[in-house]
file protein_19.txt (compact mmCIF, C-alpha atoms)
# COMPACT_ATOMS: atom_id res chain seq x y z
CA MET A 131 -4.69 11.06 6.02
CA LEU A 132 -1.79 9.75 8.02
CA GLU A 133 1.18 11.70 9.35
CA ARG A 134 4.50 10.75 7.78
CA SER A 135 6.00 9.64 11.10
CA HIS A 136 5.08 6.10 12.10
CA ILE A 137 3.80 7.39 15.45
CA GLN A 138 0.65 9.46 14.98
CA SER A 139 -0.29 12.50 17.09
CA THR A 140 -3.88 11.41 17.27
CA GLY A 141 -4.51 8.28 19.28
CA PHE A 142 -1.90 8.95 21.99
CA ARG A 143 -3.99 8.77 25.14
CA ASN A 144 -4.48 7.16 28.52
CA VAL A 145 -6.79 4.19 28.93
CA GLY A 146 -8.98 3.12 31.83
CA PRO A 147 -11.12 5.33 34.06
CA GLN A 148 -9.78 8.79 34.92
CA GLY A 149 -8.17 8.62 38.34
CA ALA A 150 -7.49 4.89 37.93
CA ARG A 151 -5.73 4.66 34.55
CA THR A 152 -4.55 1.18 33.58
CA GLY A 153 -2.20 2.27 30.82
CA PHE A 154 -1.90 4.26 27.63
CA GLU A 155 -2.03 3.64 23.90
CA VAL A 156 -0.14 4.81 20.83
CA ARG A 157 -1.38 4.86 17.24
CA LEU A 158 1.06 3.97 14.47
CA ARG A 159 0.73 3.79 10.72
CA GLN A 160 1.75 0.67 8.80
CA ALA A 161 5.46 1.40 8.42
CA ASN A 162 6.17 -1.31 5.86
CA TYR A 163 5.93 -0.79 2.08
CA ARG A 164 3.54 -3.69 1.66
CA SER A 165 0.74 -5.10 3.74
CA SER A 166 1.83 -7.45 6.50
CA ARG A 167 0.19 -10.64 7.56
CA LEU A 168 -0.12 -10.11 11.30
CA SER A 169 1.87 -13.32 11.76
CA LEU A 170 4.87 -11.45 10.29
CA ILE A 171 4.75 -8.81 13.05
CA GLU A 172 6.60 -9.98 16.14
CA GLY A 173 5.34 -7.16 18.32
CA VAL A 174 6.06 -3.49 19.03
CA ASP A 175 8.27 -2.05 21.77
CA ILE A 176 7.28 1.39 23.03
CA THR A 177 9.44 3.85 24.94
CA VAL A 178 8.17 6.98 26.69
CA ASP A 179 10.68 9.50 28.07
CA GLY A 180 13.36 6.84 28.09
CA VAL A 181 11.32 4.10 29.80
CA LEU A 182 10.96 0.89 27.78
CA TYR A 183 7.63 -0.92 27.57
CA PRO A 184 8.56 -4.20 25.84
CA ALA A 185 6.44 -5.84 23.15
CA GLU A 186 5.87 -8.92 25.27
CA ASN A 187 3.60 -6.96 27.65
CA ASN A 188 1.78 -4.87 25.04
CA LEU A 189 -1.37 -5.62 23.06
CA PHE A 190 -1.70 -4.96 19.33
CA ARG A 191 -5.08 -3.63 18.20
CA LEU A 192 -6.29 -3.60 14.60
CA GLY A 193 -9.83 -2.33 14.17
CA GLU A 194 -11.77 -3.64 17.14
CA ARG A 195 -9.64 -6.72 17.75
CA GLU A 196 -6.77 -6.96 20.23
CA TYR A 197 -3.94 -9.46 19.85
CA THR A 198 -1.27 -10.79 22.17
CA LEU A 199 2.08 -11.79 20.61
CA ALA A 200 0.95 -15.43 20.44
CA GLU A 201 -2.30 -14.38 18.76
CA LEU A 202 -0.41 -12.30 16.19
CA ASN A 203 1.60 -15.38 15.21
CA GLU A 204 -1.65 -17.27 14.58
CA ALA A 205 -3.18 -14.49 12.42
CA THR A 206 -1.71 -15.57 9.08
CA GLN A 207 -4.71 -14.40 7.03
CA THR A 208 -5.30 -10.99 8.62
CA ARG A 209 -3.40 -8.12 7.06
CA LEU A 210 -2.24 -4.70 8.13
CA TYR A 211 -2.55 -2.72 4.90
CA VAL A 212 -0.50 0.23 3.68
CA GLY A 213 -2.47 3.34 4.60
CA ASP A 214 -3.88 1.62 7.69
CA HIS A 215 -3.09 2.40 11.28
CA PHE A 216 -3.01 0.20 14.35
CA THR A 217 -2.73 0.81 18.07
CA VAL A 218 -0.32 -0.49 20.68
CA VAL A 219 -1.92 -0.78 24.12
CA VAL A 220 0.61 -0.47 26.93
CA PRO A 221 -0.20 -1.47 30.52
CA LYS A 222 0.99 1.14 33.03
CA GLU A 223 -0.70 1.75 36.32
CA GLY A 224 -1.76 5.39 36.56
CA GLY A 225 -1.14 6.05 32.87
CA LEU A 226 0.95 9.00 31.66
CA THR A 227 0.98 12.59 32.91
CA ARG A 228 -0.56 15.45 30.93
CA GLY A 229 1.86 17.09 28.55
CA VAL A 230 4.40 16.44 25.84
CA HIS A 231 6.32 13.15 25.96
CA LEU A 232 9.13 11.74 23.84
CA VAL A 233 7.63 8.57 22.38
CA GLY A 234 9.57 5.83 20.58
CA SER A 235 8.37 2.76 18.72
CA ALA A 236 10.23 -0.30 17.45
CA ILE A 237 8.15 -2.56 15.22
CA ARG A 238 9.60 -6.06 14.81
CA TYR A 239 8.85 -7.12 11.22
CA ARG A 240 9.81 -10.57 10.06
CA HIS A 241 10.60 -10.33 6.34
CA PRO A 242 11.00 -13.93 5.11
CA TYR A 243 12.93 -12.63 2.07
CA PHE A 244 15.62 -11.13 4.34
CA PRO A 245 18.48 -13.43 5.38
CA PRO A 246 17.54 -15.25 8.61
CA GLU A 247 20.03 -13.25 10.69
CA PHE A 248 18.10 -10.05 9.83
CA GLN A 249 14.76 -11.44 11.02
CA PRO A 250 13.06 -9.68 12.60
CA ALA A 251 13.98 -6.27 11.19
CA ILE A 252 13.45 -3.56 13.78
CA VAL A 253 11.78 -0.46 12.35
CA ARG A 254 12.16 2.51 14.70
CA ASN A 255 10.56 5.89 15.03
CA GLU A 256 10.66 8.64 17.67
CA ARG A 257 8.81 11.91 18.09
CA HIS A 258 7.06 14.15 20.59
CA ALA A 259 3.41 13.49 21.28
CA THR A 260 0.93 14.95 23.71
CA ILE A 261 -1.29 13.48 26.39
CA ILE A 262 -4.27 15.74 26.95
CA LEU A 263 -6.25 13.91 29.64
CA PRO A 264 -4.27 12.46 32.56
CA MET B 135 15.02 0.18 -34.56
CA THR B 136 13.58 -1.53 -31.50
CA GLY B 137 13.44 0.52 -28.35
CA PHE B 138 12.94 0.01 -24.68
CA ARG B 139 9.52 0.20 -23.15
CA TYR B 140 9.30 2.56 -20.21
CA GLY B 141 7.36 2.00 -17.02
CA VAL B 142 7.29 2.80 -13.33
CA SER B 143 6.83 0.55 -10.33
CA LEU B 144 4.72 2.07 -7.60
CA TYR B 145 7.38 0.76 -5.20
CA SER B 146 9.15 3.99 -6.15
CA TYR B 147 6.58 5.96 -4.15
CA THR B 148 6.98 4.00 -0.92
CA ASP B 149 5.99 6.07 2.15
CA ASP B 150 4.31 8.67 -0.07
CA PHE B 151 1.69 6.09 -1.01
CA GLY B 152 -0.77 5.91 1.87
CA THR B 153 0.33 9.20 3.44
CA VAL B 154 0.48 11.93 0.77
CA MET B 155 -0.36 10.03 -2.43
CA THR B 156 -3.40 8.12 -3.62
CA LEU B 157 -3.55 5.55 -6.41
CA GLU B 158 -5.09 8.23 -8.67
CA ASP B 159 -2.16 10.55 -7.93
CA ALA B 160 0.31 7.75 -8.68
CA PHE B 161 -1.27 7.06 -12.08
CA ASP B 162 -0.97 10.76 -12.93
CA HIS B 163 2.73 10.84 -12.02
CA VAL B 164 3.52 7.62 -13.91
CA ALA B 165 1.63 8.64 -17.05
CA ASP B 166 3.33 12.06 -17.16
CA THR B 167 6.76 10.43 -17.45
CA GLY B 168 5.70 9.25 -20.90
CA SER B 169 5.60 5.66 -19.67
CA THR B 170 3.35 3.08 -21.25
CA GLY B 171 3.44 0.63 -18.35
CA ILE B 172 2.58 0.57 -14.68
CA GLU B 173 3.89 -1.97 -12.18
CA ILE B 174 2.17 -2.45 -8.85
CA LEU B 175 2.70 -4.34 -5.63
CA GLY B 176 -0.37 -6.47 -5.12
CA GLU B 177 -0.37 -6.28 -1.35
CA THR B 178 0.27 -2.53 -1.36
CA SER B 179 -1.74 -1.15 -4.24
CA VAL B 180 -4.81 -3.40 -4.17
CA PRO B 181 -7.22 -2.55 -1.35
CA LEU B 182 -8.29 -5.55 0.72
CA TYR B 183 -5.82 -7.75 -1.18
CA PRO B 184 -6.32 -10.56 -2.11
CA GLU B 185 -10.04 -9.80 -2.51
CA PRO B 186 -10.52 -6.22 -3.71
CA PRO B 187 -14.06 -4.82 -3.76
CA ALA B 188 -15.77 -5.04 -7.17
CA ALA B 189 -16.06 -1.24 -7.29
CA TRP B 190 -12.29 -0.95 -6.99
CA ILE B 191 -11.78 -3.23 -10.00
CA ASP B 192 -13.90 -0.75 -12.01
CA THR B 193 -11.76 2.12 -10.69
CA TRP B 194 -8.61 0.25 -11.71
CA PHE B 195 -9.73 -0.21 -15.31
CA SER B 196 -10.98 3.35 -15.60
CA LEU B 197 -7.55 4.60 -14.44
CA ILE B 198 -5.79 2.28 -16.89
CA GLU B 199 -7.94 3.60 -19.71
CA ARG B 200 -7.81 7.28 -18.77
CA HIS B 201 -4.01 7.31 -18.44
CA LYS B 202 -3.37 4.91 -21.34
CA LEU B 203 -1.11 2.70 -19.26
CA GLU B 204 -0.81 -1.06 -19.51
CA PRO B 205 -0.41 -3.22 -16.42
CA THR B 206 3.06 -4.78 -16.57
CA ASN B 207 4.32 -6.64 -13.51
CA PHE B 208 2.37 -7.59 -10.39
CA ALA B 209 4.81 -7.95 -7.48
CA CYS B 210 3.87 -10.55 -4.89
CA TRP B 211 5.39 -12.53 -2.03
CA VAL B 212 5.64 -16.10 -0.93
CA ASP B 213 6.10 -15.64 2.81
CA THR B 214 7.72 -19.00 3.41
CA ARG B 215 8.43 -18.36 7.08
CA ILE B 216 4.77 -17.57 7.56
CA GLN B 217 4.86 -18.12 11.33
CA ILE B 218 7.74 -17.72 13.71
CA ASP B 219 7.84 -21.48 14.23
CA ARG B 220 6.50 -22.80 10.92
CA ASN B 221 7.46 -22.68 7.23
CA MET B 222 5.10 -22.94 4.27
CA SER B 223 4.83 -26.23 2.43
CA ALA B 224 5.25 -26.40 -1.36
CA GLU B 225 1.43 -26.78 -1.58
CA GLU B 226 0.88 -23.59 0.39
CA GLY B 227 3.46 -21.80 -1.74
CA ALA B 228 1.66 -22.99 -4.87
CA ALA B 229 -1.68 -21.77 -3.49
CA GLN B 230 -0.14 -18.33 -2.88
CA ILE B 231 1.28 -18.12 -6.41
CA ALA B 232 -1.99 -19.36 -7.94
CA GLN B 233 -3.91 -16.70 -6.02
CA ASP B 234 -1.58 -14.00 -7.32
CA LEU B 235 -1.71 -15.32 -10.89
CA ARG B 236 -5.52 -15.15 -10.83
CA LEU B 237 -5.64 -11.65 -9.34
CA ALA B 238 -2.91 -10.38 -11.67
CA HIS B 239 -4.80 -11.81 -14.64
CA ARG B 240 -8.04 -10.23 -13.50
CA LEU B 241 -6.30 -6.83 -13.43
CA GLY B 242 -4.69 -7.29 -16.85
CA PHE B 243 -1.06 -7.98 -15.89
CA LYS B 244 1.43 -9.99 -17.97
CA PHE B 245 4.01 -10.88 -15.31
CA ILE B 246 4.06 -11.73 -11.63
CA ARG B 247 7.18 -11.48 -9.48
CA PRO B 248 6.92 -13.76 -6.47
CA LYS B 249 9.50 -12.85 -3.82
CA PHE B 250 10.35 -16.07 -2.02
CA GLY B 251 11.60 -16.32 1.51
CA VAL B 252 15.33 -17.07 1.66
CA ILE B 253 17.51 -19.36 3.73
CA ASP B 254 20.87 -17.58 3.67
CA ARG B 255 22.76 -14.38 3.09
CA GLU B 256 23.19 -15.02 -0.65
CA LEU B 257 19.39 -15.00 -0.95
CA THR B 258 19.05 -18.69 -1.80
CA PRO B 259 15.28 -19.17 -1.99
CA ASP B 260 13.51 -21.60 0.32
CA PRO B 261 13.70 -24.96 -1.49
CA ILE B 262 9.89 -25.09 -1.75
CA TRP B 263 10.12 -22.54 -4.58
CA GLU B 264 10.63 -25.19 -7.23
CA GLY B 265 7.70 -27.42 -6.29
CA ALA B 266 5.48 -24.40 -5.73
CA VAL B 267 6.24 -22.88 -9.14
CA GLU B 268 6.03 -26.18 -11.00
CA ARG B 269 2.51 -26.75 -9.66
CA CYS B 270 1.49 -23.36 -11.16
CA LEU B 271 2.95 -23.63 -14.67
CA ASP B 272 -0.28 -24.97 -16.21
CA LEU B 273 -2.28 -22.16 -14.64
CA ALA B 274 0.25 -19.58 -15.86
CA ASN B 275 -0.11 -21.07 -19.33
CA GLN B 276 -3.92 -20.89 -19.21
CA LEU B 277 -3.82 -17.27 -18.05
CA ASP B 278 -0.93 -16.31 -20.36
CA LEU B 279 1.24 -14.96 -17.57
CA MET B 280 4.94 -15.34 -16.82
CA ILE B 281 6.32 -16.00 -13.35
CA LEU B 282 9.55 -14.04 -12.80
CA PRO B 283 11.73 -14.36 -9.73
CA GLU B 284 14.12 -11.43 -9.47
CA ILE B 285 17.88 -11.49 -9.54
CA HIS B 286 18.48 -8.96 -6.81
CA ALA B 287 21.56 -7.64 -5.00
CA PRO B 288 23.63 -9.06 -3.42
CA THR B 289 23.03 -12.12 -5.66
CA PRO B 290 24.96 -11.68 -8.92
CA ILE B 291 24.09 -13.18 -12.33
CA ARG B 292 26.78 -15.86 -12.20
CA HIS B 293 25.57 -17.61 -9.08
CA PRO B 294 23.90 -20.90 -8.07
CA VAL B 295 20.61 -19.06 -7.39
CA THR B 296 20.42 -17.84 -11.00
CA ASN B 297 21.67 -21.17 -12.33
CA ALA B 298 18.94 -23.05 -10.46
CA TYR B 299 16.25 -20.90 -12.10
CA ILE B 300 17.80 -21.45 -15.54
CA ASP B 301 18.07 -25.22 -14.94
CA PHE B 302 14.36 -25.19 -14.05
CA ILE B 303 13.47 -23.43 -17.33
CA GLU B 304 15.58 -25.87 -19.32
CA ARG B 305 14.28 -28.96 -17.49
CA THR B 306 10.58 -28.06 -17.77
CA GLY B 307 10.81 -26.36 -21.16
CA THR B 308 8.34 -23.79 -19.84
CA LYS B 309 7.67 -20.46 -21.52
CA HIS B 310 5.98 -19.17 -18.37
CA PHE B 311 8.96 -18.75 -16.08
CA GLY B 312 11.87 -16.36 -16.61
CA LEU B 313 14.30 -14.05 -14.86
CA MET B 314 13.69 -10.50 -13.77
CA ILE B 315 16.87 -8.47 -13.48
CA ASP B 316 16.95 -5.78 -10.80
CA THR B 317 19.52 -3.21 -11.91
CA GLY B 318 20.66 -2.84 -8.31
CA ILE B 319 23.06 -5.72 -9.07
CA PHE B 320 25.10 -3.32 -11.25
CA GLN B 321 25.54 -0.77 -8.43
CA ASP B 322 29.25 0.13 -8.38
CA ARG B 323 29.44 3.08 -5.99
CA PRO B 324 28.24 3.27 -2.38
CA LEU B 325 24.78 4.35 -1.30
CA ASP B 326 24.40 7.58 0.63
CA ALA B 327 20.78 6.92 1.57
CA TRP B 328 18.62 3.86 1.40
CA GLY B 329 14.90 3.79 0.79
CA GLY B 330 14.41 0.22 1.90
CA GLY B 331 14.73 0.68 5.64
CA ASP B 332 17.19 1.86 8.28
CA PHE B 333 20.40 3.04 6.54
CA GLU B 334 22.57 2.86 9.66
CA ALA B 335 21.37 -0.68 10.37
CA ILE B 336 22.16 -1.89 6.86
CA LYS B 337 25.60 -0.22 6.88
CA LYS B 338 26.42 -2.18 10.00
CA GLY B 339 24.68 -5.47 9.22
CA ALA B 340 24.90 -5.82 5.45
CA PRO B 341 27.66 -3.59 4.05
CA GLU B 342 27.53 -5.54 0.76
CA MET B 343 24.19 -3.78 0.14
CA VAL B 344 25.78 -0.37 0.70
CA TYR B 345 28.90 -0.80 -1.44
CA GLY B 346 27.25 -2.58 -4.36
CA THR B 347 27.35 -5.99 -6.03
CA LYS B 348 29.21 -4.53 -9.06
CA VAL B 349 28.11 -7.15 -11.59
CA PRO B 350 29.82 -6.48 -14.95
CA VAL B 351 27.15 -5.58 -17.51
CA GLU B 352 28.74 -8.14 -19.89
CA HIS B 353 27.26 -10.90 -17.72
CA LEU B 354 23.88 -9.98 -19.19
CA ASP B 355 25.03 -11.79 -22.35
CA ASP B 356 24.65 -15.14 -20.51
CA VAL B 357 21.06 -14.66 -19.43
CA ILE B 358 19.33 -12.05 -21.57
CA LYS B 359 17.32 -14.70 -23.44
CA TYR B 360 15.58 -15.55 -20.17
CA VAL B 361 14.87 -11.90 -19.26
CA PRO B 362 11.53 -10.42 -20.44
CA PHE B 363 11.38 -7.64 -17.81
CA ILE B 364 13.81 -5.39 -15.95
CA GLN B 365 13.27 -3.45 -12.75
CA ALA B 366 15.29 -0.27 -13.13
CA LYS B 367 16.44 0.06 -9.52
CA PHE B 368 18.21 3.32 -8.61
CA HIS B 369 18.90 5.49 -5.57
CA ARG B 370 19.93 9.03 -6.51
CA ILE B 371 20.17 11.07 -9.69
CA ASP B 372 21.38 14.66 -9.36
CA GLU B 373 20.48 17.87 -11.21
CA ASN B 374 22.97 17.03 -13.98
CA LEU B 375 21.23 13.69 -14.64
CA HIS B 376 24.20 11.94 -13.06
CA ASP B 377 23.31 8.69 -11.29
CA HIS B 378 25.48 8.29 -8.20
CA GLN B 379 25.26 4.48 -7.95
CA ILE B 380 23.97 2.76 -11.09
CA PRO B 381 26.15 2.85 -14.27
CA TRP B 382 23.43 3.54 -16.87
CA ASP B 383 26.09 4.66 -19.38
CA ARG B 384 27.20 1.01 -19.51
CA ILE B 385 23.84 -0.71 -18.91
CA VAL B 386 21.91 1.07 -21.67
CA PRO B 387 24.36 0.37 -24.55
CA LYS B 388 24.69 -3.25 -23.41
CA LEU B 389 20.93 -3.79 -23.39
CA LYS B 390 20.70 -2.09 -26.80
CA ASP B 391 23.48 -4.30 -28.21
CA LEU B 392 21.58 -7.33 -26.94
CA GLY B 393 18.38 -6.13 -28.62
CA TYR B 394 16.45 -5.89 -25.37
CA SER B 395 13.03 -4.40 -26.12
CA GLY B 396 11.18 -5.11 -22.89
CA TYR B 397 10.30 -2.81 -20.05
CA LEU B 398 12.60 -0.77 -17.87
CA SER B 399 10.34 -0.27 -14.89
CA SER B 400 11.63 2.39 -12.49
CA GLU B 401 12.24 1.29 -8.94
CA TYR B 402 13.37 4.28 -6.93
CA GLU B 403 14.88 3.28 -3.59
CA GLY B 404 16.50 6.39 -2.19
CA ALA B 405 15.74 9.08 0.37
CA ARG B 406 12.13 8.82 1.50
CA ASP B 407 11.35 12.48 2.16
CA PRO B 408 7.85 13.31 0.95
CA TRP B 409 7.46 13.72 -2.84
CA VAL B 410 11.19 13.28 -3.63
CA ALA B 411 10.45 10.06 -5.51
CA ILE B 412 8.23 11.81 -8.06
CA GLU B 413 11.12 13.99 -9.26
CA GLN B 414 13.73 11.21 -9.00
CA VAL B 415 11.69 8.93 -11.28
CA ARG B 416 11.39 11.73 -13.85
CA ARG B 417 15.15 12.27 -13.82
CA GLN B 418 15.73 8.56 -14.39
CA HIS B 419 13.45 8.56 -17.43
CA ALA B 420 15.19 11.62 -18.84
CA LEU B 421 18.60 9.99 -18.28
CA ILE B 422 17.80 6.61 -19.82
CA ARG B 423 15.95 8.11 -22.77
CA GLN B 424 18.91 10.40 -23.41
CA LEU B 425 21.32 7.44 -23.41
CA GLU B 426 19.00 5.47 -25.67
CA ASP B 427 18.75 8.39 -28.11
CA GLN B 428 22.54 8.77 -28.14
CA TYR B 429 22.97 5.07 -28.89
CA ASP B 430 20.43 5.20 -31.71
CA ALA B 431 22.00 8.35 -33.19
CA ALA B 432 25.46 6.76 -33.17
CA LYS B 433 24.10 3.64 -34.91
CA LEU B 434 22.41 5.77 -37.54
CA GLU B 435 25.62 7.65 -38.19
CA THR B 436 27.56 4.38 -38.59
CA ALA B 437 24.92 3.09 -40.99
CA HIS B 438 25.19 6.23 -43.14
CA ALA B 439 28.98 6.38 -43.06

call {"tool": "encode", "arguments": {"input": "protein_19.txt", "output": "structure tokens"}}
result
Amino acid sequence: MLERSHIQSTGFRNVGPQGARTGFEVRLRQANYRSSRLSLIEGVDITVDGVLYPAENNLFRLGEREYTLAELNEATQTRLYVGDHFTVVVPKEGGLTRGVHLVGSAIRYRHPYFPPEFQPAIVRNERHATIILP
Amino acid sequence: MTGFRYGVSLYSYTDDFGTVMTLEDAFDHVADTGSTGIEILGETSVPLYPEPPAAWIDTWFSLIERHKLEPTNFACWVDTRIQIDRNMSAEEGAAQIAQDLRLAHRLGFKFIRPKFGVIDRELTPDPIWEGAVERCLDLANQLDLMILPEIHAPTPIRHPVTNAYIDFIERTGTKHFGLMIDTGIFQDRPLDAWGGGDFEAIKKGAPEMVYGTKVPVEHLDDVIKYVPFIQAKFHRIDENLHDHQIPWDRIVPKLKDLGYSGYLSSEYEGARDPWVAIEQVRRQHALIRQLEDQYDAAKLETAHA
């Protein structure tokens, strides 16, 4: 089961060893109505408590595999299916503090059937989510 | 008297599907509308598209049989701008269409709707469409499928995009390419919610999509002979079976006058709160069936007068 919001409660956590966190990650569901070739996803911006973590610095993880933006553009035959989730890995020294944060996501989808001036389409979501382990 | 055939596109259940609705649930909802047809989106509804597991194919046919639904249209995409810096060639476009024709055929469908990438605001398809489709006409013939691009808002019926498709049919003489009309082109009152994405963004960026393309239903006269399938796009129907955007009271009699006897396949694209789509689709079927019954009753009365 997936939560209706794009951002999922589960999967919001710090990464790296406790005491020396290297960043945090956020789990999102596929927010498009059809599966997306990864090459049609131009990255995901994340905001936490008003601070922007731009797509260019983040990694996109599907299953076990992590992708940079350039690697997403090459992945024309790998799909993010409806009903699937993926994870955005955000570098941030020290990670996030324990507690409830306001988390935002902006997925940049390129829909070739949209007029060029609407590519990419930015699909946004925002909600509260909780870090348990600092 | 010939009647419409009624169906539902699983596009209607966007956002429910994959969060609060399974494929089995969707079949149940579609069948209970009294529909005979089910339309799917290949990339959405078929797990591991384009290569579903064999066990899933068995599940598909058991659902089709149990719910007595026939597969109608298989929606698919030709993602012409496949990479940020590279467009598909006509050969790649043809390979995509051929793949979808084969999968659609395997699942028992009669139509595919490839959605081509576009090059402008009037939704002019990438010029590779013509070479890509032409390369697939023999395969479509072998598999007995029709390839149907959609005429979708804000592109009206009387427009170079539509004309180019008709010229193609006339030039090739093919019986395996036609037009799909999306009833969103008849929208004549503004949207108050949009199920296709961010409503505020579309209001700002593409107001023509909010206020409607307002195609006169009489323009169907020009093209109906090329139209074997209609996507019954709508956005909101209230408790009095009043549609707030799409003029069914003009569309239904026009289609009846023209003798249209193909599918009206519901495409709900309104508010995306959980489960709302299930009820909205039911209201649309009640509304269109009521208008069809009224038309038939009036004809009968005239005949007996």

call {"tool": "closest_residue", "arguments": {"input": "protein_19.txt", "among": "B:Leu273, B:Ile336, B:Ala327, B:Ile319", "to": "chain A", "atoms": "all atoms listed in the file"}}
result
B:Ile336

call {"tool": "interface_residues", "arguments": {"input": "protein_19.txt", "of": "chain A", "to": "chain B", "cutoff": "9 Å", "atoms": "all atoms listed in the file", "output": "PyMOL selection string"}}
result
chain A and resi 131-134+161-167+169-170+172+203-206+209+211-214+240-248+251-254

call {"tool": "residues_around", "arguments": {"input": "protein_19.txt", "residues": "Thr217 (chain A)", "least_positions_apart": "5", "cutoff": "8 Å", "atoms": "all atoms listed in the file", "output": "list in words"}}
result
Gly141, Glu155, Val156, Arg157, Leu158, Phe190, Arg191 and Leu192 of chain A

call {"tool": "residues_near_point", "arguments": {"input": "protein_19.txt", "point": "(-5.8, 6.8, 25.1)", "cutoff": "6 Å", "atoms": "only C-alpha atoms", "output": "PyMOL selection string"}}
result
chain A and resi 142-145+154-155

call {"tool": "atom_distance", "arguments": {"input": "protein_19.txt", "atom1": "CA of Gly153 (chain A)", "atom2": "CA of Thr260 (chain A)"}}
result
14.9 Å

call {"tool": "atom_distance", "arguments": {"input": "protein_19.txt", "atom1": "CA of Ile358 (chain B)", "atom2": "CA of Thr206 (chain B)"}}
result
18.5 Å

call {"tool": "atom_distance", "arguments": {"input": "protein_19.txt", "atom1": "CA of Lys348 (chain B)", "atom2": "CA of Thr296 (chain B)"}}
result
16.1 Å

call {"tool": "residues_around", "arguments": {"input": "protein_19.txt", "residues": "Gly224 (chain A)", "least_positions_apart": "3", "cutoff": "7 Å", "atoms": "only C-alpha atoms", "output": "ChimeraX atom specification"}}
result
/A:150-153

call {"tool": "residues_around", "arguments": {"input": "protein_19.txt", "residues": "region 201-203 of chain B", "least_positions_apart": "6", "cutoff": "9 Å", "atoms": "all atoms listed in the file", "output": "list in words"}}
result
Gly141, Phe161, Asp162, Val164, Ala165, Asp166, Ser169, Thr170, Gly171 and Ile172 of chain B

call {"tool": "closest_residue", "arguments": {"input": "protein_19.txt", "among": "B:Cys270, B:Ile231, B:Ala366, B:Ala420", "to": "His286 (chain B)", "atoms": "only C-alpha atoms"}}
result
B:Ala366

call {"tool": "residues_around", "arguments": {"input": "protein_19.txt", "residues": "Gly318 (chain B)", "least_positions_apart": "4", "cutoff": "9 Å", "atoms": "all atoms listed in the file", "output": "PyMOL selection string"}}
result
chain B and resi 286-288+346-348+365-369+379-380

call {"tool": "write_last_selection", "arguments": {"input": "protein_19.txt", "atoms": "C-alpha atoms", "output": "PDB file, in the frame of the given file"}}
result
ATOM      1  CA  HIS B 286      18.480  -8.960  -6.810  1.00  0.00           C
ATOM      2  CA  ALA B 287      21.560  -7.640  -5.000  1.00  0.00           C
ATOM      3  CA  PRO B 288      23.630  -9.060  -3.420  1.00  0.00           C
ATOM      4  CA  GLY B 346      27.250  -2.580  -4.360  1.00  0.00           C
ATOM      5  CA  THR B 347      27.350  -5.990  -6.030  1.00  0.00           C
ATOM      6  CA  LYS B 348      29.210  -4.530  -9.060  1.00  0.00           C
ATOM      7  CA  GLN B 365      13.270  -3.450 -12.750  1.00  0.00           C
ATOM      8  CA  ALA B 366      15.290  -0.270 -13.130  1.00  0.00           C
ATOM      9  CA  LYS B 367      16.440   0.060  -9.520  1.00  0.00           C
ATOM     10  CA  PHE B 368      18.210   3.320  -8.610  1.00  0.00           C
ATOM     11  CA  HIS B 369      18.900   5.490  -5.570  1.00  0.00           C
ATOM     12  CA  GLN B 379      25.260   4.480  -7.950  1.00  0.00           C
ATOM     13  CA  ILE B 380      23.970   2.760 -11.090  1.00  0.00           C
TER      14      ILE B 380
END

call {"tool": "residues_around", "arguments": {"input": "protein_19.txt", "residues": "Lys337 (chain B)", "least_positions_apart": "6", "cutoff": "12 Å", "atoms": "all atoms listed in the file", "output": "number ranges by chain"}}
result
B: 324-328, 331, 343-346

call {"tool": "build_atoms", "arguments": {"input": "protein_19.txt", "residues": "region 206-214 of chain A", "atoms": "N, CA and C atoms", "output": "PDB file, keeping the file's coordinate frame"}}
result
ATOM      1  N   THR A 206      -2.411 -15.539  10.369  1.00  0.00           N
ATOM      2  CA  THR A 206      -1.710 -15.570   9.080  1.00  0.00           C
ATOM      3  C   THR A 206      -2.534 -14.954   7.953  1.00  0.00           C
ATOM      4  N   GLN A 207      -3.849 -14.879   8.132  1.00  0.00           N
ATOM      5  CA  GLN A 207      -4.710 -14.400   7.030  1.00  0.00           C
ATOM      6  C   GLN A 207      -5.277 -13.006   7.283  1.00  0.00           C
ATOM      7  N   THR A 208      -4.847 -12.361   8.351  1.00  0.00           N
ATOM      8  CA  THR A 208      -5.300 -10.990   8.620  1.00  0.00           C
ATOM      9  C   THR A 208      -4.154 -10.054   8.263  1.00  0.00           C
ATOM     10  N   ARG A 209      -4.460  -8.989   7.558  1.00  0.00           N
ATOM     11  CA  ARG A 209      -3.400  -8.120   7.060  1.00  0.00           C
ATOM     12  C   ARG A 209      -3.510  -6.699   7.601  1.00  0.00           C
ATOM     13  N   LEU A 210      -2.350  -6.126   7.845  1.00  0.00           N
ATOM     14  CA  LEU A 210      -2.240  -4.700   8.130  1.00  0.00           C
ATOM     15  C   LEU A 210      -1.850  -4.047   6.809  1.00  0.00           C
ATOM     16  N   TYR A 211      -2.764  -3.276   6.240  1.00  0.00           N
ATOM     17  CA  TYR A 211      -2.550  -2.720   4.900  1.00  0.00           C
ATOM     18  C   TYR A 211      -1.758  -1.405   4.955  1.00  0.00           C
ATOM     19  N   VAL A 212      -1.133  -1.077   3.827  1.00  0.00           N
ATOM     20  CA  VAL A 212      -0.500   0.230   3.680  1.00  0.00           C
ATOM     21  C   VAL A 212      -1.609   1.281   3.679  1.00  0.00           C
ATOM     22  N   GLY A 213      -1.421   2.329   4.459  1.00  0.00           N
ATOM     23  CA  GLY A 213      -2.470   3.340   4.600  1.00  0.00           C
ATOM     24  C   GLY A 213      -3.348   3.088   5.816  1.00  0.00           C
ATOM     25  N   ASP A 214      -3.155   1.947   6.466  1.00  0.00           N
ATOM     26  CA  ASP A 214      -3.880   1.620   7.690  1.00  0.00           C
ATOM     27  C   ASP A 214      -3.091   2.074   8.911  1.00  0.00           C
TER      28      ASP A 214
END
